[in-house]
$ cat data-v6.cif   # mmCIF, C-alpha atoms and all ligand atoms
data_upload
#
loop_
_atom_site.label_atom_id
_atom_site.label_comp_id
_atom_site.auth_asym_id
_atom_site.auth_seq_id
_atom_site.Cartn_x
_atom_site.Cartn_y
_atom_site.Cartn_z
CA MET A 1 50.47 -7.66 33.07
CA THR A 2 48.73 -10.97 32.28
CA GLN A 3 45.15 -10.53 31.12
CA ASP A 4 42.37 -13.02 31.84
CA ALA A 5 41.27 -12.92 28.20
CA ASP A 6 41.90 -11.14 24.91
CA ALA A 7 38.24 -10.11 24.72
CA ILE A 8 35.26 -10.16 27.07
CA VAL A 9 31.79 -10.35 25.56
CA VAL A 10 29.00 -9.06 27.80
CA GLY A 11 25.82 -10.90 26.82
CA ALA A 12 25.22 -14.45 25.64
CA GLY A 13 22.34 -14.07 23.24
CA VAL A 14 22.91 -15.07 19.62
CA ILE A 15 24.94 -11.90 18.99
CA GLY A 16 27.32 -12.34 21.95
CA LEU A 17 27.68 -16.10 21.46
CA GLY A 18 28.25 -15.64 17.72
CA ILE A 19 30.98 -13.06 18.33
CA ALA A 20 32.61 -15.27 20.99
CA TRP A 21 32.60 -18.29 18.69
CA GLN A 22 33.99 -16.41 15.70
CA ALA A 23 36.62 -14.56 17.76
CA ALA A 24 37.76 -17.82 19.37
CA ARG A 25 38.01 -19.41 15.91
CA ARG A 26 40.47 -16.64 15.09
CA GLY A 27 42.64 -17.63 18.04
CA LEU A 28 41.52 -15.08 20.62
CA ARG A 29 41.03 -16.08 24.24
CA VAL A 30 37.42 -15.08 24.87
CA ALA A 31 35.29 -14.83 28.01
CA VAL A 32 31.50 -14.43 27.88
CA VAL A 33 29.58 -13.01 30.84
CA ASP A 34 25.83 -13.56 31.25
CA GLY A 35 23.68 -14.76 34.15
CA HIS A 36 21.02 -16.13 31.79
CA PRO A 37 22.65 -17.19 28.51
CA GLY A 38 20.31 -17.30 25.53
CA GLU A 39 17.17 -16.58 27.57
CA GLY A 40 16.42 -13.07 26.32
CA ALA A 41 15.27 -11.79 22.93
CA SER A 42 17.12 -14.61 21.14
CA TRP A 43 14.86 -17.20 22.77
CA ALA A 44 11.63 -15.25 22.28
CA ALA A 45 12.28 -14.49 18.58
CA ALA A 46 10.60 -16.14 15.58
CA GLY A 47 13.71 -16.68 13.44
CA MET A 48 12.49 -14.96 10.28
CA LEU A 49 15.30 -14.16 7.86
CA ALA A 50 13.11 -11.86 5.82
CA PRO A 51 14.91 -8.66 4.82
CA VAL A 52 12.73 -8.14 1.73
CA THR A 53 9.24 -8.73 3.13
CA GLU A 54 10.21 -6.93 6.36
CA ALA A 55 11.63 -3.90 4.48
CA HIS A 56 10.56 -0.47 5.69
CA PHE A 57 10.47 2.75 3.66
CA GLY A 58 13.36 5.07 4.49
CA GLU A 59 15.59 2.31 5.91
CA GLN A 60 17.66 1.59 2.77
CA ALA A 61 21.02 1.38 4.57
CA LEU A 62 19.59 -1.12 7.03
CA LEU A 63 17.95 -3.04 4.19
CA ARG A 64 21.33 -3.36 2.42
CA LEU A 65 22.87 -4.73 5.63
CA ASN A 66 19.93 -7.09 6.14
CA VAL A 67 20.18 -8.43 2.58
CA ALA A 68 23.93 -8.97 3.02
CA ALA A 69 23.22 -10.75 6.32
CA ALA A 70 20.72 -13.08 4.68
CA GLY A 71 23.36 -13.86 2.02
CA ALA A 72 25.85 -14.78 4.76
CA TYR A 73 23.47 -17.25 6.42
CA PRO A 74 24.02 -20.46 4.43
CA ALA A 75 27.80 -20.51 4.94
CA PHE A 76 27.47 -19.51 8.61
CA ILE A 77 24.94 -22.27 9.31
CA GLN A 78 26.97 -24.83 7.38
CA GLU A 79 30.05 -23.98 9.46
CA LEU A 80 28.09 -23.98 12.75
CA GLU A 81 26.37 -27.28 12.03
CA ALA A 82 29.69 -28.85 11.01
CA ALA A 83 31.40 -27.53 14.15
CA THR A 84 28.70 -28.79 16.53
CA GLY A 85 26.87 -31.60 14.76
CA MET A 86 23.68 -29.74 15.73
CA GLU A 87 20.99 -28.94 13.17
CA CYS A 88 19.70 -25.32 13.22
CA GLY A 89 16.40 -25.57 11.32
CA TYR A 90 17.52 -23.29 8.49
CA ARG A 91 14.72 -23.50 5.87
CA ARG A 92 14.88 -21.89 2.45
CA SER A 93 11.13 -22.08 2.06
CA GLY A 94 10.39 -18.46 1.12
CA THR A 95 7.94 -15.94 2.55
CA LEU A 96 4.49 -14.81 1.44
CA ALA A 97 3.19 -11.39 2.54
CA VAL A 98 -0.59 -11.02 2.15
CA GLY A 99 -3.27 -8.37 2.62
CA LEU A 100 -6.85 -8.81 3.76
CA ASP A 101 -8.70 -5.70 2.65
CA GLY A 102 -8.33 -3.06 -0.07
CA ASP A 103 -6.32 -0.70 2.13
CA ASP A 104 -3.96 -3.54 3.12
CA LEU A 105 -3.51 -4.36 -0.56
CA ARG A 106 -2.67 -0.74 -1.43
CA VAL A 107 0.08 -0.79 1.23
CA LEU A 108 1.44 -4.04 -0.24
CA ASP A 109 1.31 -2.52 -3.77
CA ASP A 110 3.48 0.37 -2.55
CA LEU A 111 5.81 -2.09 -0.81
CA VAL A 112 6.29 -4.28 -3.87
CA ARG A 113 7.03 -1.19 -6.01
CA TYR A 114 9.62 -0.10 -3.45
CA GLN A 115 11.17 -3.58 -3.28
CA ARG A 116 11.37 -3.87 -7.04
CA SER A 117 12.76 -0.32 -7.43
CA LEU A 118 15.68 -1.53 -5.28
CA GLY A 119 16.19 -4.55 -7.53
CA LEU A 120 14.88 -6.99 -4.91
CA ASP A 121 13.25 -10.24 -5.85
CA ALA A 122 9.53 -9.77 -5.03
CA GLU A 123 6.61 -11.17 -7.03
CA PRO A 124 3.13 -9.60 -6.76
CA LEU A 125 0.36 -12.22 -6.59
CA SER A 126 -3.44 -12.24 -6.79
CA GLY A 127 -5.47 -13.74 -3.93
CA ARG A 128 -6.01 -16.87 -6.02
CA GLU A 129 -2.26 -17.20 -6.65
CA CYS A 130 -1.57 -16.79 -2.91
CA ARG A 131 -4.04 -19.59 -2.14
CA SER A 132 -2.50 -21.85 -4.73
CA LEU A 133 0.83 -21.47 -2.89
CA GLU A 134 -0.79 -21.84 0.54
CA PRO A 135 -4.17 -23.63 0.27
CA MET A 136 -5.05 -23.10 3.96
CA LEU A 137 -5.24 -19.31 3.46
CA ALA A 138 -8.66 -17.76 4.04
CA PRO A 139 -10.77 -17.00 0.95
CA GLY A 140 -10.79 -13.32 2.00
CA VAL A 141 -7.07 -12.84 1.28
CA ARG A 142 -7.00 -10.24 -1.52
CA GLY A 143 -3.44 -10.55 -2.78
CA GLY A 144 0.17 -10.61 -1.74
CA ILE A 145 3.88 -10.65 -2.47
CA HIS A 146 5.98 -13.78 -2.75
CA VAL A 147 9.68 -13.50 -1.86
CA ALA A 148 11.49 -16.76 -2.51
CA SER A 149 14.74 -15.48 -0.96
CA ASP A 150 13.29 -14.69 2.50
CA HIS A 151 14.02 -17.73 4.67
CA GLN A 152 13.88 -18.78 8.33
CA VAL A 153 16.01 -20.42 11.02
CA ASP A 154 14.88 -22.06 14.26
CA ASN A 155 16.20 -19.42 16.66
CA ARG A 156 16.17 -21.78 19.66
CA LYS A 157 18.22 -24.39 17.83
CA LEU A 158 20.54 -21.56 16.77
CA VAL A 159 20.96 -20.46 20.41
CA ARG A 160 21.82 -24.02 21.49
CA ALA A 161 24.28 -24.56 18.65
CA LEU A 162 26.02 -21.21 19.20
CA ARG A 163 26.28 -21.91 22.92
CA ALA A 164 27.87 -25.28 22.19
CA ALA A 165 30.24 -23.79 19.61
CA ALA A 166 31.24 -20.83 21.80
CA GLY A 167 31.48 -23.01 24.91
CA ARG A 168 34.07 -25.25 23.27
CA HIS A 169 36.59 -22.44 22.93
CA ALA A 170 35.45 -19.60 25.21
CA ALA A 171 34.87 -19.45 28.97
CA ILE A 172 31.17 -18.77 29.63
CA HIS A 173 30.68 -17.19 33.08
CA LEU A 174 27.15 -17.69 34.39
CA THR A 175 26.94 -14.35 36.14
CA GLY A 176 26.03 -10.92 34.84
CA ALA A 177 28.43 -8.05 34.30
CA SER A 178 27.80 -5.07 36.58
CA ARG A 179 30.47 -2.62 35.47
CA VAL A 180 32.92 -1.94 32.68
CA LEU A 181 36.32 -1.25 34.23
CA VAL A 182 38.02 1.83 32.83
CA SER A 183 41.32 3.41 33.80
CA ALA A 184 43.91 5.67 32.22
CA GLY A 185 41.62 6.38 29.29
CA ARG A 186 40.90 2.84 28.16
CA VAL A 187 38.86 -0.25 28.96
CA ARG A 188 40.49 -2.78 31.30
CA GLY A 189 37.81 -5.42 31.71
CA VAL A 190 34.54 -5.96 33.58
CA GLN A 191 33.40 -6.46 37.12
CA MET A 192 30.88 -9.26 37.44
CA GLU A 193 27.78 -9.36 39.65
CA ASP A 194 29.50 -11.88 41.93
CA GLY A 195 32.18 -9.24 42.62
CA ALA A 196 34.99 -10.88 40.67
CA ALA A 197 36.87 -8.91 38.02
CA LEU A 198 37.95 -10.12 34.59
CA THR A 199 40.61 -8.26 32.65
CA ALA A 200 40.96 -7.92 28.88
CA PRO A 201 41.96 -5.20 26.40
CA TRP A 202 38.60 -5.49 24.59
CA VAL A 203 35.08 -5.45 26.04
CA VAL A 204 32.20 -6.06 23.63
CA VAL A 205 28.79 -4.94 24.88
CA ALA A 206 26.26 -7.35 23.37
CA ALA A 207 23.65 -7.27 26.11
CA GLY A 208 20.62 -6.43 23.96
CA CYS A 209 18.21 -3.96 25.52
CA ARG A 210 20.26 -4.07 28.77
CA SER A 211 23.34 -2.68 27.02
CA ALA A 212 22.72 0.85 28.25
CA ALA A 213 22.44 -0.24 31.90
CA LEU A 214 26.06 -1.31 32.39
CA ASP A 215 27.87 0.92 34.91
CA GLY A 216 31.23 2.38 34.02
CA ILE A 217 30.42 3.31 30.41
CA PRO A 218 30.95 7.08 30.11
CA GLU A 219 27.57 8.79 29.68
CA PRO A 220 28.01 10.07 26.06
CA LEU A 221 29.09 6.58 24.96
CA ARG A 222 26.11 4.73 26.39
CA PRO A 223 24.30 3.02 23.52
CA PRO A 224 20.83 4.54 23.10
CA VAL A 225 18.98 1.23 23.23
CA ARG A 226 15.56 0.71 24.75
CA PRO A 227 13.34 -2.34 25.22
CA VAL A 228 10.61 -2.85 22.60
CA LYS A 229 8.25 -5.49 23.92
CA GLY A 230 7.16 -8.28 21.59
CA GLN A 231 4.46 -10.71 22.68
CA ILE A 232 4.71 -13.92 20.70
CA LEU A 233 2.93 -17.29 20.75
CA ARG A 234 4.04 -20.79 19.89
CA LEU A 235 1.37 -23.06 18.43
CA ARG A 236 1.71 -26.71 17.51
CA VAL A 237 0.15 -28.75 14.70
CA PRO A 238 1.00 -32.31 13.62
CA ALA A 239 4.27 -32.25 11.67
CA ALA A 240 2.61 -34.39 8.99
CA ALA A 241 -0.27 -31.90 8.54
CA PRO A 242 1.32 -28.44 8.44
CA LEU A 243 -0.98 -25.45 7.95
CA LEU A 244 1.66 -23.54 5.98
CA THR A 245 4.75 -24.47 3.99
CA ARG A 246 6.45 -21.06 4.14
CA THR A 247 6.52 -18.02 6.42
CA LEU A 248 3.34 -15.96 6.16
CA ARG A 249 3.35 -12.24 6.94
CA TRP A 250 0.24 -10.12 6.78
CA LEU A 251 -1.53 -6.86 6.96
CA ALA A 252 -5.01 -7.51 8.32
CA HIS A 253 -7.12 -4.34 8.46
CA GLY A 254 -3.88 -2.43 9.07
CA SER A 255 -2.46 -4.75 11.73
CA VAL A 256 0.76 -6.62 11.01
CA GLY A 257 1.65 -10.16 12.03
CA TYR A 258 3.34 -13.35 10.97
CA LEU A 259 3.27 -17.13 11.25
CA VAL A 260 6.53 -19.04 10.92
CA PRO A 261 6.05 -22.80 10.33
CA ARG A 262 8.80 -25.16 11.49
CA SER A 263 9.24 -28.60 9.96
CA ASP A 264 8.45 -30.25 13.34
CA GLY A 265 4.94 -28.71 13.46
CA GLU A 266 5.74 -25.67 15.60
CA LEU A 267 4.08 -22.51 14.34
CA VAL A 268 5.38 -19.22 15.74
CA LEU A 269 2.78 -16.44 15.80
CA GLY A 270 4.00 -12.88 16.35
CA ALA A 271 4.28 -10.25 17.44
CA THR A 272 3.34 -7.07 19.21
CA ALA A 273 5.69 -4.06 19.26
CA GLU A 274 5.11 -2.11 22.45
CA GLU A 275 6.99 0.66 24.25
CA ARG A 276 6.52 -0.50 27.85
CA GLY A 277 9.96 -0.40 29.37
CA ASP A 278 11.05 -3.64 31.03
CA ASP A 279 7.55 -5.13 31.20
CA THR A 280 7.46 -8.77 30.05
CA GLU A 281 3.92 -9.66 31.13
CA VAL A 282 1.78 -11.50 28.59
CA THR A 283 -1.60 -9.80 28.27
CA ALA A 284 -4.97 -11.31 27.39
CA GLY A 285 -5.57 -8.53 24.85
CA ALA A 286 -2.37 -9.22 22.91
CA VAL A 287 -2.99 -12.98 22.85
CA HIS A 288 -6.54 -12.32 21.66
CA ASP A 289 -5.43 -9.91 18.91
CA LEU A 290 -2.67 -12.20 17.62
CA LEU A 291 -4.98 -15.24 17.52
CA ARG A 292 -7.84 -13.23 15.98
CA ASP A 293 -5.66 -11.98 13.12
CA ALA A 294 -4.05 -15.39 12.56
CA HIS A 295 -7.52 -16.95 12.46
CA HIS A 296 -8.67 -14.38 9.87
CA LEU A 297 -5.73 -15.33 7.64
CA VAL A 298 -5.49 -19.07 8.30
CA PRO A 299 -8.72 -20.31 9.95
CA GLY A 300 -7.11 -23.68 10.70
CA VAL A 301 -4.98 -22.15 13.48
CA SER A 302 -7.99 -22.53 15.76
CA GLU A 303 -7.31 -26.29 15.81
CA ALA A 304 -3.64 -25.83 16.80
CA VAL A 305 -2.36 -26.43 20.33
CA LEU A 306 -1.44 -23.21 22.10
CA ALA A 307 1.96 -24.29 23.44
CA GLU A 308 3.52 -21.08 24.75
CA CYS A 309 2.83 -17.38 25.29
CA ARG A 310 5.84 -15.19 25.98
CA ALA A 311 7.09 -11.64 25.79
CA GLY A 312 10.62 -10.68 24.78
CA LEU A 313 12.38 -7.32 24.68
CA ARG A 314 13.93 -6.27 21.38
CA PRO A 315 16.87 -3.89 21.71
CA GLY A 316 15.44 -0.87 19.85
CA SER A 317 17.64 1.99 18.67
CA PRO A 318 16.67 5.53 17.57
CA ASP A 319 17.02 4.71 13.84
CA ASN A 320 15.99 1.02 14.15
CA ALA A 321 19.50 0.01 13.03
CA PRO A 322 22.17 -1.84 15.01
CA ILE A 323 25.04 -0.16 16.84
CA LEU A 324 28.23 -1.93 15.79
CA GLY A 325 31.90 -1.25 16.30
CA GLU A 326 34.44 0.71 18.32
CA THR A 327 33.47 3.62 20.53
CA GLU A 328 35.62 6.65 21.39
CA LEU A 329 36.84 4.80 24.50
CA PRO A 330 39.72 2.55 23.41
CA GLY A 331 38.82 -1.11 23.84
CA LEU A 332 35.06 -0.56 24.19
CA VAL A 333 33.06 -2.11 21.33
CA MET A 334 29.29 -2.13 20.81
CA ALA A 335 27.27 -4.95 19.23
CA THR A 336 23.73 -4.06 20.18
CA GLY A 337 20.55 -2.30 19.01
CA HIS A 338 19.59 -5.06 16.55
CA HIS A 339 15.90 -4.36 17.19
CA ARG A 340 13.74 -6.51 14.82
CA ASN A 341 16.75 -8.11 13.13
CA GLY A 342 18.91 -9.78 15.77
CA ILE A 343 18.62 -13.32 14.43
CA LEU A 344 19.09 -12.16 10.82
CA LEU A 345 22.12 -10.01 11.66
CA THR A 346 23.90 -12.64 13.76
CA PRO A 347 26.36 -13.93 11.12
CA ILE A 348 27.40 -10.54 9.76
CA THR A 349 27.73 -9.09 13.28
CA ALA A 350 29.66 -12.10 14.58
CA THR A 351 32.18 -12.25 11.75
CA GLY A 352 32.51 -8.45 11.50
CA ILE A 353 33.13 -7.85 15.22
CA ALA A 354 35.44 -10.89 15.46
CA ALA A 355 37.51 -9.50 12.57
CA LEU A 356 37.75 -6.15 14.37
CA LEU A 357 38.94 -7.83 17.59
CA ALA A 358 41.48 -9.89 15.65
CA GLY A 359 42.99 -6.72 14.16
CA ASP A 360 41.60 -7.15 10.65
CA GLY A 361 39.86 -3.78 10.58
CA VAL A 362 36.23 -2.87 10.08
CA ASP A 363 33.95 -4.70 7.65
CA PRO A 364 32.90 -1.78 5.35
CA ARG A 365 29.32 -3.08 5.44
CA LEU A 366 29.25 -2.25 9.17
CA THR A 367 30.68 1.27 8.99
CA PRO A 368 27.28 3.05 8.53
CA PHE A 369 26.25 1.51 11.86
CA SER A 370 29.13 2.79 13.99
CA PRO A 371 28.29 3.87 17.57
CA LEU A 372 29.94 7.20 16.68
CA ARG A 373 26.76 8.29 14.88
CA PHE A 374 25.12 8.67 18.30
CA SER A 375 28.03 9.64 20.59
CA ARG A 376 29.09 12.47 18.25
CA ALA A 377 25.52 13.76 18.19
CA VAL A 378 25.49 13.79 22.02
CA SER A 379 28.85 15.56 22.36
CA ALA A 380 27.75 18.19 19.82
CA VAL A 381 24.78 19.23 22.01
N1 LIG B 401 11.44 -9.50 13.24
C1 LIG B 401 10.26 -9.90 13.88
C2 LIG B 401 9.88 -9.11 15.05
O1 LIG B 401 10.62 -8.23 15.48
O2 LIG B 401 8.80 -9.33 15.57
#

$ encode --input "data-v6.cif" --output "structure tokens"
Amino acid sequence: MTQDADAIVVGAGVIGLGIAWQAARRGLRVAVVDGHPGEGASWAAAGMLAPVTEAHFGEQALLRLNVAAAGAYPAFIQELEAATGMECGYRRSGTLAVGLDGDDLRVLDDLVRYQRSLGLDAEPLSGRECRSLEPMLAPGVRGGIHVASDHQVDNRKLVRALRAAAGRHAAIHLTGASRVLVSAGRVRGVQMEDGAALTAPWVVVAAGCRSAALDGIPEPLRPPVRPVKGQILRLRVPAAAPLLTRTLRWLAHGSVGYLVPRSDGELVLGATAEERGDDTEVTAGAVHDLLRDAHHLVPGVSEAVLAECRAGLRPGSPDNAPILGETELPGLVMATGHHRNGILLTPITATGIAALLAGDGVDPRLTPFSPLRFSRAVSAV
């Protein structure tokens, strides 16, 4: 029987578009299904590529994947920019993590010991040294950690470039998927919200926090993803008078935040992490708290234009790590649960899942993140 495509990707955020582009490059006929391409978490994100400063205790396997993903970025961006002629705002400007009070500094001391124990490149700095790197920092900053290898990309430029690259080779259907079609023990395709069906031997679920909502996926194989709300602001300063030259992350009296400066004067200020289901309202309290903390760290932000307030939904997973690879249902592949690291993990997810679809097996760096770690736990209950 003729199939409509070799692979259908459900979801056109950076993960789905990246997979579609890379799979099409390998000669597969790919269809992407999404009613709102690139408008979800990919658009809301800040674009930090900061595996070292964003490292968390107890997440070593994820940290290894994140470091590998950061290493894959330059070649991925080079290839994407060459394929599209579109610049993605990839900046190798480094990241500075700072603390405001003594307790914040003690947390950063523990973090830098942890980073260095893993052989990561992280340099502890005094408050004075932090200010000599970033002169607009408040005098109250007590100290910090400089990580030269933590970079950034402009996530919105990345979305546009991936959409252009994927759109050249793959069919992008501007309607959502409502159901995964399954018969005789394997995936057959998807039914779209407009009622039409698309057939393919592979279906990749890359629908972010909506990945669990797709009908037709057998219950034990549903990816355990949930929305984690992030409220995030976009400020603007003159490009010729930037407040910061590198990404700034902070602990300010125990509260975490970041400012990501773009070369065009945009300054992304984030972000809350809230368990509020599908809620994407922007609240006065969150905007206040983000601006208050940013002002404590970099008083000059008060002069910036407040250009945008938005909330996005990260696809959280039970262990904060992505869910990548084949499920127990033949043909059904997961590429979801990227939580805080969707932009960072785009290249390694895209190339790894495309290789799987093309019959080249599983990238060993992805095997710890197989969906089987959750479905086996469910079937054992
Ligand atoms: N990785 C940044 C965030 O999740 O807010």

$ closest_atom_pairs --input "data-v6.cif" --of "chain A" --to "ligand LIG 401 (chain B)" --cutoff "10 Å" --atoms "all atoms listed in the file" --output "Markdown table"
| residue | atom | partner | partner_atom | distance |
| --- | --- | --- | --- | --- |
| A:Ala41 | CA | B:LIG401 | O1 | 9.5 |
| A:Ala44 | CA | B:LIG401 | O2 | 9.4 |
| A:Ala45 | CA | B:LIG401 | C2 | 6.9 |
| A:Ala46 | CA | B:LIG401 | C1 | 6.5 |
| A:Gly47 | CA | B:LIG401 | N1 | 7.5 |
| A:Met48 | CA | B:LIG401 | N1 | 6.3 |
| A:Leu49 | CA | B:LIG401 | N1 | 8.1 |
| A:Ala50 | CA | B:LIG401 | N1 | 8.0 |
| A:Pro51 | CA | B:LIG401 | N1 | 9.1 |
| A:Glu54 | CA | B:LIG401 | N1 | 7.4 |
| A:Val228 | CA | B:LIG401 | O1 | 8.9 |
| A:Lys229 | CA | B:LIG401 | O1 | 9.2 |
| A:Gly230 | CA | B:LIG401 | O2 | 6.3 |
| A:Gln231 | CA | B:LIG401 | O2 | 8.4 |
| A:Ile232 | CA | B:LIG401 | O2 | 8.0 |
| A:Val256 | CA | B:LIG401 | O2 | 9.6 |
| A:Gly257 | CA | B:LIG401 | O2 | 8.0 |
| A:Tyr258 | CA | B:LIG401 | O2 | 8.2 |
| A:Leu269 | CA | B:LIG401 | O2 | 9.3 |
| A:Gly270 | CA | B:LIG401 | O2 | 6.0 |
| A:Ala271 | CA | B:LIG401 | O2 | 5.0 |
| A:Thr272 | CA | B:LIG401 | O2 | 6.9 |
| A:Ala273 | CA | B:LIG401 | O2 | 7.1 |
| A:Gly312 | CA | B:LIG401 | O2 | 9.5 |
| A:Leu313 | CA | B:LIG401 | O1 | 9.4 |
| A:Arg314 | CA | B:LIG401 | O1 | 7.0 |
| A:Pro315 | CA | B:LIG401 | O1 | 9.8 |
| A:Gly316 | CA | B:LIG401 | O1 | 9.8 |
| A:His338 | CA | B:LIG401 | O1 | 9.6 |
| A:His339 | CA | B:LIG401 | O1 | 6.8 |
| A:Arg340 | CA | B:LIG401 | O1 | 3.6 |
| A:Asn341 | CA | B:LIG401 | N1 | 5.5 |
| A:Gly342 | CA | B:LIG401 | N1 | 7.9 |
| A:Ile343 | CA | B:LIG401 | N1 | 8.2 |
| A:Leu344 | CA | B:LIG401 | N1 | 8.5 |

$ atom_distance --input "data-v6.cif" --atom1 "atom CA of A:Arg246" --atom2 "atom CA of A:Ala148"
9.4 Å

$ atom_distance --input "data-v6.cif" --atom1 "atom CA of A:Ala321" --atom2 "atom CA of A:Gln22"
22.1 Å

$ closest_atom_pairs --input "data-v6.cif" --of "stretch 125-224 of chain A" --to "stretch 66-80 of chain A" --cutoff "12 Å" --atoms "all atoms listed in the file" --output "JSON lines"
{"residue": "A:Ser149", "atom": "CA", "partner": "A:Ala70", "partner_atom": "CA", "distance": 8.6}
{"residue": "A:Asp150", "atom": "CA", "partner": "A:Ala70", "partner_atom": "CA", "distance": 7.9}
{"residue": "A:His151", "atom": "CA", "partner": "A:Ala70", "partner_atom": "CA", "distance": 8.2}
{"residue": "A:Gln152", "atom": "CA", "partner": "A:Ala70", "partner_atom": "CA", "distance": 9.6}
{"residue": "A:Val153", "atom": "CA", "partner": "A:Ile77", "partner_atom": "CA", "distance": 9.3}
{"residue": "A:Asp154", "atom": "CA", "partner": "A:Ile77", "partner_atom": "CA", "distance": 11.2}
{"residue": "A:Asn155", "atom": "CA", "partner": "A:Ile77", "partner_atom": "CA", "distance": 11.8}
{"residue": "A:Lys157", "atom": "CA", "partner": "A:Ile77", "partner_atom": "CA", "distance": 11.1}
{"residue": "A:Leu158", "atom": "CA", "partner": "A:Ile77", "partner_atom": "CA", "distance": 8.7}
{"residue": "A:Val159", "atom": "CA", "partner": "A:Leu80", "partner_atom": "CA", "distance": 11.0}
{"residue": "A:Arg160", "atom": "CA", "partner": "A:Leu80", "partner_atom": "CA", "distance": 10.8}
{"residue": "A:Ala161", "atom": "CA", "partner": "A:Leu80", "partner_atom": "CA", "distance": 7.0}
{"residue": "A:Leu162", "atom": "CA", "partner": "A:Leu80", "partner_atom": "CA", "distance": 7.3}
{"residue": "A:Arg163", "atom": "CA", "partner": "A:Leu80", "partner_atom": "CA", "distance": 10.5}
{"residue": "A:Ala164", "atom": "CA", "partner": "A:Leu80", "partner_atom": "CA", "distance": 9.5}
{"residue": "A:Ala165", "atom": "CA", "partner": "A:Leu80", "partner_atom": "CA", "distance": 7.2}
{"residue": "A:Ala166", "atom": "CA", "partner": "A:Leu80", "partner_atom": "CA", "distance": 10.1}

$ closest_residue --input "data-v6.cif" --among "A:Leu306, A:Ala239, A:Leu65, A:Ala207" --to "A:Thr367" --atoms "all atoms listed in the file"
A:Leu65

$ closest_residue --input "data-v6.cif" --among "A:Trp43, A:Trp202, A:Phe57, A:Tyr90" --to "A:Leu28" --atoms "only C-alpha atoms"
A:Trp202

$ atom_distance --input "data-v6.cif" --atom1 "atom CA of A:Glu274" --atom2 "atom CA of A:Leu100"
23.2 Å

$ decode --input "data-v6.cif" --residues "stretch 166-180 of chain A" --atoms "N, CA and C atoms" --output "CSV table (one decimal), in the first residue's frame"
chain,number,residue,atom,x,y,z
A,166,ALA,N,12.9,23.0,7.1
A,166,ALA,CA,12.0,21.8,7.0
A,166,ALA,C,11.0,22.0,5.9
A,167,GLY,N,10.5,23.2,5.7
A,167,GLY,CA,9.5,23.5,4.7
A,167,GLY,C,10.0,23.2,3.3
A,168,ARG,N,11.3,23.3,3.1
A,168,ARG,CA,11.8,23.1,1.7
A,168,ARG,C,11.7,21.6,1.3
A,169,HIS,N,11.7,20.7,2.3
A,169,HIS,CA,11.8,19.3,1.9
A,169,HIS,C,10.6,18.5,2.5
A,170,ALA,N,9.9,19.0,3.5
A,170,ALA,CA,8.8,18.3,4.2
A,170,ALA,C,7.5,19.0,3.9
A,171,ALA,N,6.4,18.3,4.0
A,171,ALA,CA,5.1,18.9,3.9
A,171,ALA,C,4.7,19.4,5.3
A,172,ILE,N,4.4,20.6,5.5
A,172,ILE,CA,4.0,21.1,6.8
A,172,ILE,C,2.5,21.4,6.7
A,173,HIS,N,1.7,20.5,7.5
A,173,HIS,CA,0.2,20.6,7.5
A,173,HIS,C,-0.2,21.6,8.6
A,174,LEU,N,-0.9,22.6,8.3
A,174,LEU,CA,-1.2,23.6,9.3
A,174,LEU,C,-2.5,23.2,10.0
A,175,THR,N,-2.5,22.0,10.6
A,175,THR,CA,-3.7,21.6,11.4
A,175,THR,C,-3.1,20.6,12.4
A,176,GLY,N,-3.8,20.5,13.6
A,176,GLY,CA,-3.2,19.7,14.6
A,176,GLY,C,-3.5,18.2,14.3
A,177,ALA,N,-2.8,17.4,15.0
A,177,ALA,CA,-3.1,15.9,15.0
A,177,ALA,C,-4.1,15.6,16.1
A,178,SER,N,-5.1,14.8,15.9
A,178,SER,CA,-6.0,14.5,17.0
A,178,SER,C,-5.8,13.0,17.4
A,179,ARG,N,-5.3,12.2,16.6
A,179,ARG,CA,-5.2,10.8,17.0
A,179,ARG,C,-4.1,10.1,16.2
A,180,VAL,N,-3.4,9.2,17.0
A,180,VAL,CA,-2.4,8.3,16.3
A,180,VAL,C,-3.2,7.1,15.9
